[in-house]
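Enquirer: File structure_4.tsv follows (TSV, C-alpha atoms and all ligand atoms):
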chain	number	residue	atom	x	y	z
A	2	MET	CA	34.74	-18.17	-132.06
A	3	ALA	CA	32.50	-21.19	-131.77
A	4	ASP	CA	29.55	-21.14	-129.39
A	5	THR	CA	28.82	-24.70	-128.37
A	6	GLY	CA	25.87	-23.68	-126.16
A	7	LEU	CA	25.06	-24.84	-122.68
A	8	THR	CA	23.00	-27.81	-121.67
A	9	GLY	CA	22.65	-30.27	-118.84
A	10	PHE	CA	22.98	-27.92	-115.86
A	11	SER	CA	21.48	-28.97	-112.56
A	12	ARG	CA	21.57	-26.69	-109.57
A	13	GLY	CA	22.25	-28.23	-106.15
A	14	GLY	CA	20.60	-27.00	-102.94
A	15	SER	CA	23.52	-24.65	-102.21
A	16	GLY	CA	22.95	-22.73	-105.44
A	17	TYR	CA	26.12	-24.14	-107.02
A	18	PHE	CA	25.88	-26.23	-110.13
A	19	THR	CA	26.71	-29.85	-109.44
A	20	ALA	CA	26.98	-31.23	-112.97
A	21	VAL	CA	28.67	-28.48	-114.88
A	22	GLN	CA	29.06	-28.50	-118.62
A	23	GLN	CA	30.93	-25.44	-119.76
A	24	PRO	CA	31.25	-24.21	-123.32
A	25	GLU	CA	34.67	-24.94	-124.80
A	26	TYR	CA	36.08	-22.13	-126.86
A	27	ILE	CA	39.67	-23.18	-127.40
A	28	ILE	CA	41.17	-20.72	-129.79
A	29	MET	CA	44.28	-22.41	-131.10
A	30	GLY	CA	47.21	-20.18	-131.85
A	31	TYR	CA	45.86	-17.20	-129.93
A	32	THR	CA	48.32	-15.23	-127.85
A	33	ILE	CA	47.02	-13.84	-124.57
A	34	LEU	CA	48.85	-11.13	-122.70
A	35	VAL	CA	48.34	-11.34	-118.93
A	36	THR	CA	49.29	-8.40	-116.71
A	37	GLY	CA	49.62	-8.72	-112.94
A	38	ALA	CA	50.70	-12.28	-113.75
A	39	THR	CA	52.79	-12.75	-110.61
A	40	GLY	CA	49.91	-11.87	-108.27
A	41	PHE	CA	47.37	-14.09	-106.49
A	42	ILE	CA	44.84	-14.20	-109.35
A	43	GLY	CA	47.48	-13.75	-112.06
A	44	THR	CA	49.42	-16.95	-111.29
A	45	VAL	CA	46.21	-19.01	-111.40
A	46	THR	CA	45.19	-17.29	-114.65
A	47	VAL	CA	48.51	-18.06	-116.34
A	48	ASP	CA	48.30	-21.75	-115.33
A	49	TYR	CA	44.71	-22.03	-116.51
A	50	LEU	CA	45.43	-20.45	-119.89
A	51	LYS	CA	48.49	-22.63	-120.45
A	52	LYS	CA	46.45	-25.74	-119.70
A	53	LYS	CA	43.77	-24.52	-122.10
A	54	GLY	CA	46.32	-24.38	-124.90
A	55	TYR	CA	46.84	-20.65	-125.31
A	56	ASP	CA	50.20	-19.04	-126.01
A	57	VAL	CA	50.66	-16.95	-122.89
A	58	ARG	CA	52.70	-13.79	-122.68
A	59	VAL	CA	53.20	-11.90	-119.42
A	60	LEU	CA	54.02	-8.25	-118.89
A	61	ILE	CA	56.66	-8.04	-116.20
A	62	ARG	CA	57.61	-4.81	-114.41
A	63	PRO	CA	61.04	-4.07	-112.93
A	64	GLU	CA	59.37	-4.49	-109.49
A	65	SER	CA	57.79	-7.89	-110.30
A	66	ASN	CA	58.73	-10.97	-108.31
A	67	ALA	CA	61.56	-12.52	-110.35
A	68	ASP	CA	61.24	-15.99	-108.74
A	69	THR	CA	57.56	-16.27	-109.72
A	70	VAL	CA	58.37	-15.16	-113.26
A	71	SER	CA	61.14	-17.73	-113.74
A	72	SER	CA	58.85	-20.59	-112.69
A	73	MET	CA	56.13	-19.66	-115.20
A	74	GLN	CA	57.70	-20.84	-118.48
A	75	VAL	CA	55.87	-18.35	-120.66
A	76	ASP	CA	56.86	-15.58	-123.04
A	77	VAL	CA	58.05	-12.64	-120.91
A	78	VAL	CA	58.00	-8.99	-121.98
A	79	ASN	CA	59.65	-6.49	-119.65
A	80	ALA	CA	57.74	-3.24	-119.57
A	81	CYS	CA	56.73	-0.22	-117.51
A	82	TYR	CA	53.23	1.20	-117.61
A	83	ASP	CA	54.60	4.71	-118.06
A	84	ASP	CA	56.91	3.75	-120.93
A	85	PRO	CA	54.97	3.50	-124.23
A	86	VAL	CA	57.91	1.95	-126.11
A	87	SER	CA	58.04	-1.06	-123.79
A	88	LEU	CA	54.22	-1.27	-123.66
A	89	ARG	CA	54.08	-1.49	-127.46
A	90	LYS	CA	56.33	-4.57	-127.35
A	91	ALA	CA	54.02	-6.18	-124.82
A	92	VAL	CA	50.86	-5.50	-126.80
A	93	GLU	CA	52.04	-6.11	-130.38
A	94	GLY	CA	50.80	-9.39	-131.85
A	95	THR	CA	48.49	-10.29	-128.98
A	96	ASP	CA	44.92	-11.46	-129.60
A	97	ILE	CA	43.53	-11.02	-126.10
A	98	ILE	CA	44.73	-8.94	-123.15
A	99	ILE	CA	43.67	-9.83	-119.61
A	100	HIS	CA	44.56	-6.86	-117.45
A	101	LEU	CA	44.79	-8.03	-113.86
A	102	ALA	CA	47.56	-5.73	-112.64
A	103	GLY	CA	46.43	-3.38	-109.95
A	104	VAL	CA	46.93	-2.06	-106.45
A	105	THR	CA	44.55	-3.26	-103.73
A	106	LYS	CA	46.46	-1.58	-100.90
A	107	SER	CA	48.20	1.77	-100.92
A	108	ALA	CA	49.14	4.34	-98.31
A	109	THR	CA	48.16	7.14	-100.70
A	110	GLU	CA	45.48	8.08	-103.21
A	111	LYS	CA	48.26	8.67	-105.73
A	112	GLY	CA	49.37	5.05	-105.29
A	113	PHE	CA	45.88	3.78	-106.15
A	114	TYR	CA	45.63	5.99	-109.23
A	115	GLU	CA	49.13	5.13	-110.47
A	116	GLY	CA	48.47	1.42	-110.00
A	117	ASN	CA	44.87	1.17	-111.14
A	118	VAL	CA	44.11	4.01	-113.54
A	119	LEU	CA	47.32	4.92	-115.36
A	120	PRO	CA	48.14	1.36	-116.55
A	121	VAL	CA	44.65	0.94	-118.06
A	122	SER	CA	44.80	4.28	-119.80
A	123	ASN	CA	48.30	3.72	-121.20
A	124	LEU	CA	47.74	0.08	-122.20
A	125	LEU	CA	44.57	0.93	-124.11
A	126	GLY	CA	46.18	3.97	-125.75
A	127	VAL	CA	49.11	1.89	-126.98
A	128	THR	CA	46.81	-0.96	-128.07
A	129	MET	CA	44.77	1.43	-130.19
A	130	GLU	CA	48.01	2.54	-131.85
A	131	VAL	CA	49.78	-0.76	-132.52
A	132	ASN	CA	47.10	-3.45	-132.27
A	133	PRO	CA	43.72	-1.98	-133.23
A	134	SER	CA	42.48	-5.41	-134.40
A	135	LEU	CA	42.88	-6.87	-130.89
A	136	LYS	CA	40.12	-9.40	-130.28
A	137	ARG	CA	39.46	-8.57	-126.65
A	138	PHE	CA	40.67	-6.43	-123.75
A	139	VAL	CA	39.41	-7.75	-120.42
A	140	LEU	CA	39.74	-5.38	-117.48
A	141	VAL	CA	39.56	-7.03	-114.07
A	142	SER	CA	37.91	-4.40	-111.94
A	143	SER	CA	36.15	-5.01	-108.60
A	144	LEU	CA	32.80	-4.93	-106.83
A	145	ALA	CA	34.43	-2.01	-104.97
A	146	ALA	CA	34.10	0.05	-108.17
A	147	ALA	CA	30.34	-0.21	-107.87
A	148	GLY	CA	30.12	-0.07	-104.08
A	149	PRO	CA	27.88	-2.09	-101.79
A	150	ALA	CA	24.36	-3.20	-102.76
A	151	ASP	CA	21.21	-1.60	-101.35
A	152	ASN	CA	19.51	-4.99	-101.32
A	153	PRO	CA	21.26	-8.34	-100.78
A	154	ASP	CA	18.91	-10.40	-102.90
A	155	PRO	CA	20.08	-10.76	-105.63
A	156	GLY	CA	22.63	-8.02	-104.78
A	157	ALA	CA	24.24	-5.33	-106.91
A	158	SER	CA	23.48	-5.65	-110.60
A	159	GLU	CA	25.60	-4.38	-113.46
A	160	ASP	CA	22.97	-1.74	-114.31
A	161	ASP	CA	23.05	-0.07	-110.88
A	162	VAL	CA	24.65	3.37	-110.72
A	163	PRO	CA	28.15	2.90	-109.23
A	164	LYS	CA	28.64	4.39	-105.75
A	165	PRO	CA	32.15	3.43	-104.63
A	166	VAL	CA	32.83	4.12	-100.95
A	167	SER	CA	36.64	3.94	-100.92
A	168	ILE	CA	39.59	5.45	-102.77
A	169	TYR	CA	40.40	1.97	-104.05
A	170	GLY	CA	36.85	1.64	-105.38
A	171	ARG	CA	36.91	5.07	-106.99
A	172	SER	CA	40.22	4.30	-108.72
A	173	LYS	CA	38.83	1.01	-110.06
A	174	ARG	CA	35.70	2.83	-111.28
A	175	GLU	CA	37.84	5.44	-113.01
A	176	ALA	CA	39.69	2.62	-114.78
A	177	GLU	CA	36.37	1.06	-115.84
A	178	LYS	CA	35.20	4.38	-117.31
A	179	ILE	CA	38.41	4.73	-119.33
A	180	CYS	CA	38.11	1.13	-120.53
A	181	LEU	CA	34.45	1.47	-121.53
A	182	SER	CA	35.18	4.75	-123.34
A	183	TYR	CA	36.98	2.57	-125.93
A	184	LYS	CA	33.70	0.78	-126.74
A	185	GLY	CA	33.19	0.88	-130.51
A	186	ARG	CA	36.94	1.23	-131.11
A	187	LEU	CA	38.25	-1.80	-129.22
A	188	PRO	CA	36.33	-4.89	-127.98
A	189	VAL	CA	36.45	-4.30	-124.22
A	190	THR	CA	34.90	-6.31	-121.36
A	191	VAL	CA	34.89	-5.47	-117.64
A	192	ILE	CA	34.83	-8.07	-114.87
A	193	ARG	CA	33.97	-7.15	-111.29
A	194	PRO	CA	34.91	-9.85	-108.79
A	195	PRO	CA	33.74	-9.64	-105.18
A	196	ALA	CA	36.18	-10.83	-102.46
A	197	VAL	CA	38.32	-13.61	-103.93
A	198	TYR	CA	39.66	-16.49	-101.85
A	199	GLY	CA	41.81	-19.54	-102.53
A	200	PRO	CA	45.40	-20.72	-102.19
A	201	GLY	CA	47.81	-17.78	-102.28
A	202	ASP	CA	45.40	-15.14	-100.99
A	203	ARG	CA	46.48	-13.17	-97.92
A	204	ASP	CA	43.29	-11.20	-97.16
A	205	VAL	CA	40.94	-14.04	-96.21
A	206	LEU	CA	43.97	-15.52	-94.43
A	207	GLN	CA	43.82	-12.66	-91.90
A	208	PHE	CA	40.22	-13.60	-91.06
A	209	LEU	CA	41.23	-17.26	-90.66
A	210	VAL	CA	44.18	-16.42	-88.41
A	211	MET	CA	41.81	-14.59	-86.02
A	212	LEU	CA	39.20	-17.33	-86.31
A	213	LYS	CA	41.78	-19.93	-85.31
A	214	ARG	CA	41.98	-18.00	-82.03
A	215	GLY	CA	38.17	-18.18	-81.78
A	216	LEU	CA	37.65	-14.54	-82.69
A	217	VAL	CA	35.76	-12.81	-85.49
A	218	LEU	CA	36.33	-9.06	-85.49
A	219	GLY	CA	34.08	-6.71	-87.42
A	220	THR	CA	32.33	-3.40	-87.21
A	221	GLY	CA	28.87	-2.09	-88.04
A	222	ASP	CA	25.92	-4.46	-87.99
A	223	VAL	CA	27.92	-7.70	-88.16
A	224	ARG	CA	24.83	-9.92	-87.68
A	225	LYS	CA	23.19	-8.33	-90.71
A	226	GLN	CA	26.21	-8.03	-93.01
A	227	LEU	CA	26.45	-10.28	-96.06
A	228	LEU	CA	29.22	-10.66	-98.61
A	229	SER	CA	29.72	-12.38	-101.93
A	230	LEU	CA	32.84	-14.46	-102.37
A	231	VAL	CA	34.36	-16.30	-105.29
A	232	HIS	CA	36.99	-19.02	-105.35
A	233	VAL	CA	39.96	-18.00	-107.48
A	234	ASP	CA	39.54	-21.04	-109.78
A	235	ASP	CA	35.92	-20.13	-110.49
A	236	LEU	CA	36.86	-16.50	-111.03
A	237	VAL	CA	39.61	-17.30	-113.52
A	238	ARG	CA	37.29	-19.60	-115.46
A	239	GLY	CA	34.71	-16.79	-115.55
A	240	ILE	CA	37.24	-14.17	-116.68
A	241	VAL	CA	38.37	-16.40	-119.54
A	242	MET	CA	34.79	-17.28	-120.52
A	243	ALA	CA	33.98	-13.58	-120.70
A	244	GLY	CA	37.12	-12.92	-122.76
A	245	GLU	CA	36.19	-15.64	-125.23
A	246	SER	CA	32.47	-15.04	-125.54
A	247	PRO	CA	31.34	-13.14	-128.63
A	248	ASP	CA	28.41	-11.74	-126.64
A	249	SER	CA	30.41	-9.97	-123.95
A	250	ILE	CA	31.92	-7.12	-125.99
A	251	GLY	CA	31.27	-3.79	-124.29
A	252	GLU	CA	29.70	-5.54	-121.28
A	253	THR	CA	30.39	-5.63	-117.54
A	254	TYR	CA	29.91	-8.77	-115.41
A	255	TYR	CA	30.02	-9.84	-111.80
A	256	ILE	CA	31.73	-13.22	-111.53
A	257	THR	CA	30.59	-14.34	-108.14
A	258	SER	CA	29.16	-16.93	-105.75
A	259	PRO	CA	25.42	-17.60	-106.20
A	260	ARG	CA	24.56	-15.55	-103.06
A	261	GLY	CA	25.98	-13.56	-100.19
A	262	TYR	CA	27.20	-15.19	-96.95
A	263	SER	CA	26.84	-13.94	-93.39
A	264	TRP	CA	29.86	-13.75	-91.07
A	265	ASP	CA	28.13	-16.45	-89.00
A	266	GLU	CA	27.97	-18.82	-91.93
A	267	LEU	CA	31.52	-18.09	-93.10
A	268	SER	CA	32.88	-18.49	-89.59
A	269	SER	CA	31.07	-21.79	-88.97
A	270	VAL	CA	32.24	-23.30	-92.26
A	271	ALA	CA	35.86	-22.27	-91.67
A	272	ALA	CA	35.78	-23.10	-87.93
A	273	ARG	CA	34.77	-26.71	-88.71
A	274	GLU	CA	37.83	-27.04	-90.95
A	275	LEU	CA	40.08	-25.43	-88.35
A	276	GLY	CA	38.66	-27.51	-85.50
A	277	VAL	CA	37.61	-24.38	-83.60
A	278	LYS	CA	34.67	-25.04	-81.27
A	279	ASN	CA	33.80	-21.67	-79.75
A	280	ILE	CA	33.66	-18.49	-81.78
A	281	ARG	CA	33.25	-15.01	-80.34
A	282	MET	CA	31.99	-12.41	-82.81
A	283	VAL	CA	33.03	-8.93	-81.71
A	284	ALA	CA	31.61	-5.81	-83.35
A	285	LEU	CA	34.11	-3.02	-82.66
A	286	PRO	CA	32.46	0.37	-82.11
A	287	LYS	CA	32.65	2.41	-85.32
A	288	LEU	CA	33.98	5.51	-83.57
A	289	LEU	CA	36.78	3.59	-81.89
A	290	LEU	CA	37.72	1.91	-85.17
A	291	ARG	CA	37.66	5.24	-86.97
A	292	PHE	CA	39.99	6.71	-84.34
A	293	PHE	CA	42.48	3.83	-84.70
A	294	SER	CA	42.17	3.92	-88.47
A	295	TYR	CA	43.24	7.59	-88.52
A	296	VAL	CA	46.23	6.80	-86.33
A	297	ALA	CA	47.16	3.76	-88.44
A	298	GLY	CA	46.53	5.73	-91.66
A	299	SER	CA	48.86	8.52	-90.51
A	300	ILE	CA	51.60	6.02	-89.70
A	301	SER	CA	51.15	4.51	-93.18
A	302	LEU	CA	51.50	7.94	-94.75
A	303	LEU	CA	54.72	8.55	-92.81
A	304	THR	CA	56.25	5.17	-93.58
A	305	GLY	CA	54.78	4.91	-97.11
A	306	ARG	CA	53.68	1.36	-96.29
A	307	PRO	CA	49.97	0.46	-96.52
A	308	GLY	CA	48.66	-0.94	-93.23
A	309	PHE	CA	45.74	-3.30	-92.62
A	310	LEU	CA	43.61	-0.50	-91.14
A	311	ASN	CA	42.94	2.97	-92.54
A	312	PRO	CA	39.86	5.24	-92.81
A	313	ASP	CA	39.20	3.94	-96.32
A	314	LYS	CA	39.18	0.33	-95.10
A	315	VAL	CA	36.74	1.26	-92.32
A	316	ASN	CA	34.39	2.81	-94.90
A	317	GLU	CA	34.34	-0.57	-96.60
A	318	MET	CA	33.99	-2.57	-93.37
A	319	ILE	CA	30.90	-0.76	-92.11
A	320	GLN	CA	28.78	-1.55	-95.19
A	321	ASP	CA	25.98	-4.11	-94.85
A	322	TYR	CA	25.85	-5.76	-98.25
A	323	TRP	CA	28.95	-6.45	-100.30
A	324	VAL	CA	26.77	-8.66	-102.42
A	325	CYS	CA	26.58	-8.85	-106.22
A	326	SER	CA	24.23	-10.73	-108.49
A	327	PRO	CA	25.41	-13.72	-110.53
A	328	LEU	CA	22.45	-13.48	-112.92
A	329	LYS	CA	23.88	-11.57	-115.89
A	330	ALA	CA	27.00	-13.79	-116.13
A	331	GLU	CA	24.77	-16.85	-115.82
A	332	ARG	CA	22.38	-15.66	-118.52
A	333	GLN	CA	24.87	-14.23	-121.05
A	334	LEU	CA	28.03	-16.26	-120.48
A	335	GLY	CA	26.64	-19.48	-119.03
A	336	PHE	CA	28.95	-18.93	-116.05
A	337	THR	CA	28.07	-20.30	-112.64
A	338	ALA	CA	30.42	-20.80	-109.73
A	339	SER	CA	31.06	-24.51	-109.29
A	340	ILE	CA	33.11	-24.67	-106.08
A	341	PRO	CA	30.86	-24.76	-103.02
A	342	LEU	CA	32.04	-22.67	-100.06
A	343	GLU	CA	32.69	-25.73	-97.85
A	344	GLU	CA	34.86	-27.37	-100.51
A	345	GLY	CA	36.71	-24.15	-101.40
A	346	MET	CA	37.39	-23.27	-97.75
A	347	SER	CA	38.53	-26.79	-96.98
A	348	SER	CA	41.11	-26.92	-99.78
A	349	THR	CA	42.24	-23.34	-99.11
A	350	ILE	CA	42.77	-24.01	-95.39
A	351	ALA	CA	44.61	-27.25	-96.24
A	352	TRP	CA	46.90	-25.24	-98.56
A	353	TYR	CA	47.57	-22.59	-95.86
A	354	LYS	CA	48.46	-25.36	-93.43
A	355	GLU	CA	50.83	-26.98	-95.94
A	356	GLN	CA	52.58	-23.63	-96.42
A	357	GLY	CA	52.75	-23.09	-92.66
A	358	TRP	CA	50.69	-19.88	-93.01
A	359	LEU	CA	48.00	-21.16	-90.62
B	1	LIG	N1	41.93	-10.41	-104.52
B	1	LIG	C1	40.68	-9.94	-104.47
B	1	LIG	O1	39.91	-10.25	-103.54
B	1	LIG	C2	40.18	-9.04	-105.58
B	1	LIG	C3	38.81	-8.72	-105.59
B	1	LIG	C4	38.33	-7.90	-106.60
B	1	LIG	C5	39.18	-7.44	-107.59
B	1	LIG	N2	40.50	-7.75	-107.56
B	1	LIG	C6	41.35	-7.22	-108.63
B	1	LIG	O2	42.03	-8.31	-109.25
B	1	LIG	C7	43.32	-7.89	-109.70
B	1	LIG	C8	44.38	-8.86	-109.18
B	1	LIG	O3	44.30	-8.87	-107.76
B	1	LIG	P1	45.18	-9.85	-106.86
B	1	LIG	O4	44.36	-10.21	-105.69
B	1	LIG	O5	45.80	-10.92	-107.69
B	1	LIG	O6	46.28	-8.83	-106.36
B	1	LIG	P2	47.84	-9.04	-106.18
B	1	LIG	O7	48.16	-10.40	-105.71
B	1	LIG	O8	48.30	-7.88	-105.36
B	1	LIG	O9	48.38	-8.91	-107.66
B	1	LIG	C9	48.32	-7.70	-108.36
B	1	LIG	C10	49.49	-7.63	-109.30
B	1	LIG	O10	49.48	-6.34	-109.93
B	1	LIG	C11	50.81	-5.94	-110.21
B	1	LIG	N3	51.08	-4.66	-109.56
B	1	LIG	C12	51.37	-4.42	-108.25
B	1	LIG	N4	51.58	-3.11	-108.05
B	1	LIG	C13	51.41	-2.50	-109.25
B	1	LIG	C14	51.49	-1.16	-109.68
B	1	LIG	N5	51.80	-0.17	-108.85
B	1	LIG	N6	51.23	-0.90	-110.97
B	1	LIG	C15	50.92	-1.89	-111.84
B	1	LIG	N7	50.86	-3.19	-111.49
B	1	LIG	C16	51.08	-3.48	-110.20
B	1	LIG	C17	51.72	-7.03	-109.67
B	1	LIG	O11	51.99	-7.97	-110.71
B	1	LIG	P3	53.31	-7.92	-111.62
B	1	LIG	O12	54.45	-7.67	-110.69
B	1	LIG	O13	53.33	-9.26	-112.26
B	1	LIG	O14	53.11	-6.79	-112.58
B	1	LIG	C18	50.85	-7.71	-108.64
B	1	LIG	O15	51.26	-9.03	-108.41
B	1	LIG	C19	43.51	-6.46	-109.20
B	1	LIG	O16	43.27	-5.59	-110.28
B	1	LIG	C20	42.44	-6.29	-108.12
B	1	LIG	O17	41.99	-4.96	-108.04
B	1	LIG	C21	41.02	-8.55	-106.58
Would you mind writing the structure in this file as structure tokens?
Ligand SMILES: NC(=O)c1ccc[n+]([C@@H]2O[C@H](COP(=O)([O-])OP(=O)(O)OC[C@H]3O[C@@H](n4cnc5c(N)ncnc54)[C@H](OP(=O)(O)O)[C@@H]3O)[C@@H](O)[C@H]2O)c1
Expert:
Amino acid sequence: MADTGLTGFSRGGSGYFTAVQQPEYIIMGYTILVTGATGFIGTVTVDYLKKKGYDVRVLIRPESNADTVSSMQVDVVNACYDDPVSLRKAVEGTDIIIHLAGVTKSATEKGFYEGNVLPVSNLLGVTMEVNPSLKRFVLVSSLAAAGPADNPDPGASEDDVPKPVSIYGRSKREAEKICLSYKGRLPVTVIRPPAVYGPGDRDVLQFLVMLKRGLVLGTGDVRKQLLSLVHVDDLVRGIVMAGESPDSIGETYYITSPRGYSWDELSSVAARELGVKNIRMVALPKLLLRFFSYVAGSISLLTGRPGFLNPDKVNEMIQDYWVCSPLKAERQLGFTASIPLEEGMSSTIAWYKEQGWL
């Protein structure tokens, strides 16, 4: 893998790099297996890798969205994470695996573990068996695996002791531990994105739908809270850079915006794009939210369908600093986010409007 080095960066006032020169590691003839390919981040990843010249293979489950798969024009392997025979077919002959598949919402703890832990464990087990010379396994984890930061500047660092505050976060951390236990046997890398936004995402959309009505709903100390965000295009570029870099084996990275944003700042940027003049920020009392979250959580358990609100979600919402530091990825990978918030929000909102989602 050639390292062309990094020169000519200049940081604008916002902390984003304005003139970005990225290293180019195009590895001709490499086959990359992408899991979770039909999801929000997965579809962007597949497109990016195809444009970069990789041979892309996707692992498709019986439950995967067939329409998305048929529009991808890539090598498709049908597999189940609990069926080693089909997993072997997916893994054999691949050079790099980018494991994006996962469950961000589930009505049960079992659902999180089956979606986030079991696939990592089984994929790595099968890889060790049939493809021990794999060049890289990239696990896409989450800031949730580490939990919120104690200090927002520069935010959580990769060396901090993980303290996940939700079942989702604990399941992602468990997956990280399994992945990193292969260090020395397989070249593994862990990526922890913060909240990801961009065309196709439905989580930030919920915030924008409320904002369009002039309302920002939160809980806890909403004036103090800060959160890191990353545009999906920046994230995918960062994931691939980490997968290609010879220096990232056995390492964990946050791929993130240069700093955390307040709800005020996020709301003002998005409100300008939406043409909303007056915004009311409402901090719902924690106790009230907890009460409703237990009711909503019980309904989810009965129906088996994950709802927007549950006690786990409230544990995440009340935290002050969902902020992570960009420094290690900047130093070791040469990665910096290049899409300023204003630009990313503007194109995302335009996309939502085109789709009729907003
Ligand atoms: N979006 C964010 O803000 C964010 C932030 C931090 C980390 N992440 C992580 O990034 C990854 C991708 O997230 P995303 O936002 O693209 O989510 P997504 O749109 O829900 O996509 C996840 C994909 O995982 C696969 N999947 C769903 N249920 C599964 C199950 N039970 N077992 C195995 N695979 C399953 C599906 O792909 P197939 O049908 O193609 O298999 C699904 O499209 C996840 O691992 C998530 O934890 C996301």
Enquirer: From the list A:Cys180, A:Ala102, A:Leu206, A:Leu302, which residue is nearest A:Thr253 when using all atoms listed in the file?
Expert: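 Under the stated criterion, the closest residue is A:Cys180.
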Enquirer: Chain A near ligand LIG 1 (chain B) within 7 Å: what's each residue's closest atom pair and its distance in Å to one decimal, counting only C-alpha atoms and all ligand atoms, ordered by chain then ascending residue number, as JSON lines?
Expert:
{"residue": "A:Thr36", "atom": "CA", "partner": "B:LIG1", "partner_atom": "O14", "distance": 5.9}
{"residue": "A:Gly37", "atom": "CA", "partner": "B:LIG1", "partner_atom": "O11", "distance": 3.3}
{"residue": "A:Ala38", "atom": "CA", "partner": "B:LIG1", "partner_atom": "O13", "distance": 4.3}
{"residue": "A:Thr39", "atom": "CA", "partner": "B:LIG1", "partner_atom": "O13", "distance": 3.9}
{"residue": "A:Gly40", "atom": "CA", "partner": "B:LIG1", "partner_atom": "O15", "distance": 3.1}
{"residue": "A:Phe41", "atom": "CA", "partner": "B:LIG1", "partner_atom": "O5", "distance": 3.7}
{"residue": "A:Ile42", "atom": "CA", "partner": "B:LIG1", "partner_atom": "O5", "distance": 3.8}
{"residue": "A:Gly43", "atom": "CA", "partner": "B:LIG1", "partner_atom": "O5", "distance": 5.5}
{"residue": "A:Leu60", "atom": "CA", "partner": "B:LIG1", "partner_atom": "O14", "distance": 6.5}
{"residue": "A:Ile61", "atom": "CA", "partner": "B:LIG1", "partner_atom": "O14", "distance": 5.2}
{"residue": "A:Arg62", "atom": "CA", "partner": "B:LIG1", "partner_atom": "O14", "distance": 5.2}
{"residue": "A:Glu64", "atom": "CA", "partner": "B:LIG1", "partner_atom": "O12", "distance": 6.0}
{"residue": "A:Ser65", "atom": "CA", "partner": "B:LIG1", "partner_atom": "O12", "distance": 3.4}
{"residue": "A:Asn66", "atom": "CA", "partner": "B:LIG1", "partner_atom": "O12", "distance": 5.9}
{"residue": "A:Tyr82", "atom": "CA", "partner": "B:LIG1", "partner_atom": "C15", "distance": 6.9}
{"residue": "A:Leu101", "atom": "CA", "partner": "B:LIG1", "partner_atom": "C7", "distance": 4.4}
{"residue": "A:Ala102", "atom": "CA", "partner": "B:LIG1", "partner_atom": "O10", "distance": 3.4}
{"residue": "A:Gly103", "atom": "CA", "partner": "B:LIG1", "partner_atom": "O16", "distance": 3.9}
{"residue": "A:Val104", "atom": "CA", "partner": "B:LIG1", "partner_atom": "N4", "distance": 5.0}
{"residue": "A:Thr105", "atom": "CA", "partner": "B:LIG1", "partner_atom": "O17", "distance": 5.3}
{"residue": "A:Gly112", "atom": "CA", "partner": "B:LIG1", "partner_atom": "N5", "distance": 6.8}
{"residue": "A:Glu115", "atom": "CA", "partner": "B:LIG1", "partner_atom": "N5", "distance": 6.2}
{"residue": "A:Gly116", "atom": "CA", "partner": "B:LIG1", "partner_atom": "N6", "distance": 3.7}
{"residue": "A:Asn117", "atom": "CA", "partner": "B:LIG1", "partner_atom": "N6", "distance": 6.7}
{"residue": "A:Pro120", "atom": "CA", "partner": "B:LIG1", "partner_atom": "C15", "distance": 6.4}
{"residue": "A:Val141", "atom": "CA", "partner": "B:LIG1", "partner_atom": "O16", "distance": 5.5}
{"residue": "A:Ser142", "atom": "CA", "partner": "B:LIG1", "partner_atom": "C5", "distance": 5.5}
{"residue": "A:Ser143", "atom": "CA", "partner": "B:LIG1", "partner_atom": "C5", "distance": 4.0}
{"residue": "A:Leu144", "atom": "CA", "partner": "B:LIG1", "partner_atom": "C4", "distance": 6.3}
{"residue": "A:Arg193", "atom": "CA", "partner": "B:LIG1", "partner_atom": "C5", "distance": 6.4}
{"residue": "A:Pro194", "atom": "CA", "partner": "B:LIG1", "partner_atom": "C4", "distance": 4.5}
{"residue": "A:Pro195", "atom": "CA", "partner": "B:LIG1", "partner_atom": "C4", "distance": 5.1}
{"residue": "A:Ala196", "atom": "CA", "partner": "B:LIG1", "partner_atom": "O1", "distance": 3.9}
{"residue": "A:Val197", "atom": "CA", "partner": "B:LIG1", "partner_atom": "O1", "distance": 3.7}
{"residue": "A:Tyr198", "atom": "CA", "partner": "B:LIG1", "partner_atom": "O1", "distance": 6.5}
{"residue": "A:Asp202", "atom": "CA", "partner": "B:LIG1", "partner_atom": "N1", "distance": 6.8}
Enquirer: With a distance cut-off of 7 Å and only C-alpha atoms, select the neighbouring residues of A:Asp76, excluding the residue or stretch itself and same-chain residues fewer than 4 positions from it, and output the selection as a list of chain:residue names.
Expert: A:Val57, A:Arg58, A:Val59
Enquirer: Please measure the separation of atom CA of A:Glu344 and atom CA of A:Val233, giving the value in Å to one decimal.
Expert: 12.7 Å
Enquirer: Give the answer as one residue: which of A:Ser258, A:Ser134, A:Ser299, A:Ser347 has the shortest atom-to-atom distance to A:Arg186, using all atoms listed in the file?
Expert: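 Closest residue, counting all atoms listed in the file: A:Ser134.
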Enquirer: May I have the protein, DNA and RNA residues with any atom at most 6 Å from the point (39.3, -21.4, -105.6), counting only C-alpha atoms, written as a PyMOL selection string?
Expert: chain A and resi 199+232-234+345
Enquirer: Taking 6 positions as the minimum chain separation for residues in the same chain, which residues sit within 10 Å of A:Val223 when counting all atoms listed in the file? Answer as a list in words.
Expert: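 Contacts, in chain order: Val217, Ser263, Trp264, Asp265, Met282, Val283, Ala284, Leu285, Met318, Ile319, Gln320 and Asp321 of chain A.
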Enquirer: For A:Tyr322, which residue out of A:Gly148, A:Pro259, A:Pro307, A:Gly244 is the nearest one, using all atoms listed in the file?
Expert: A:Gly148
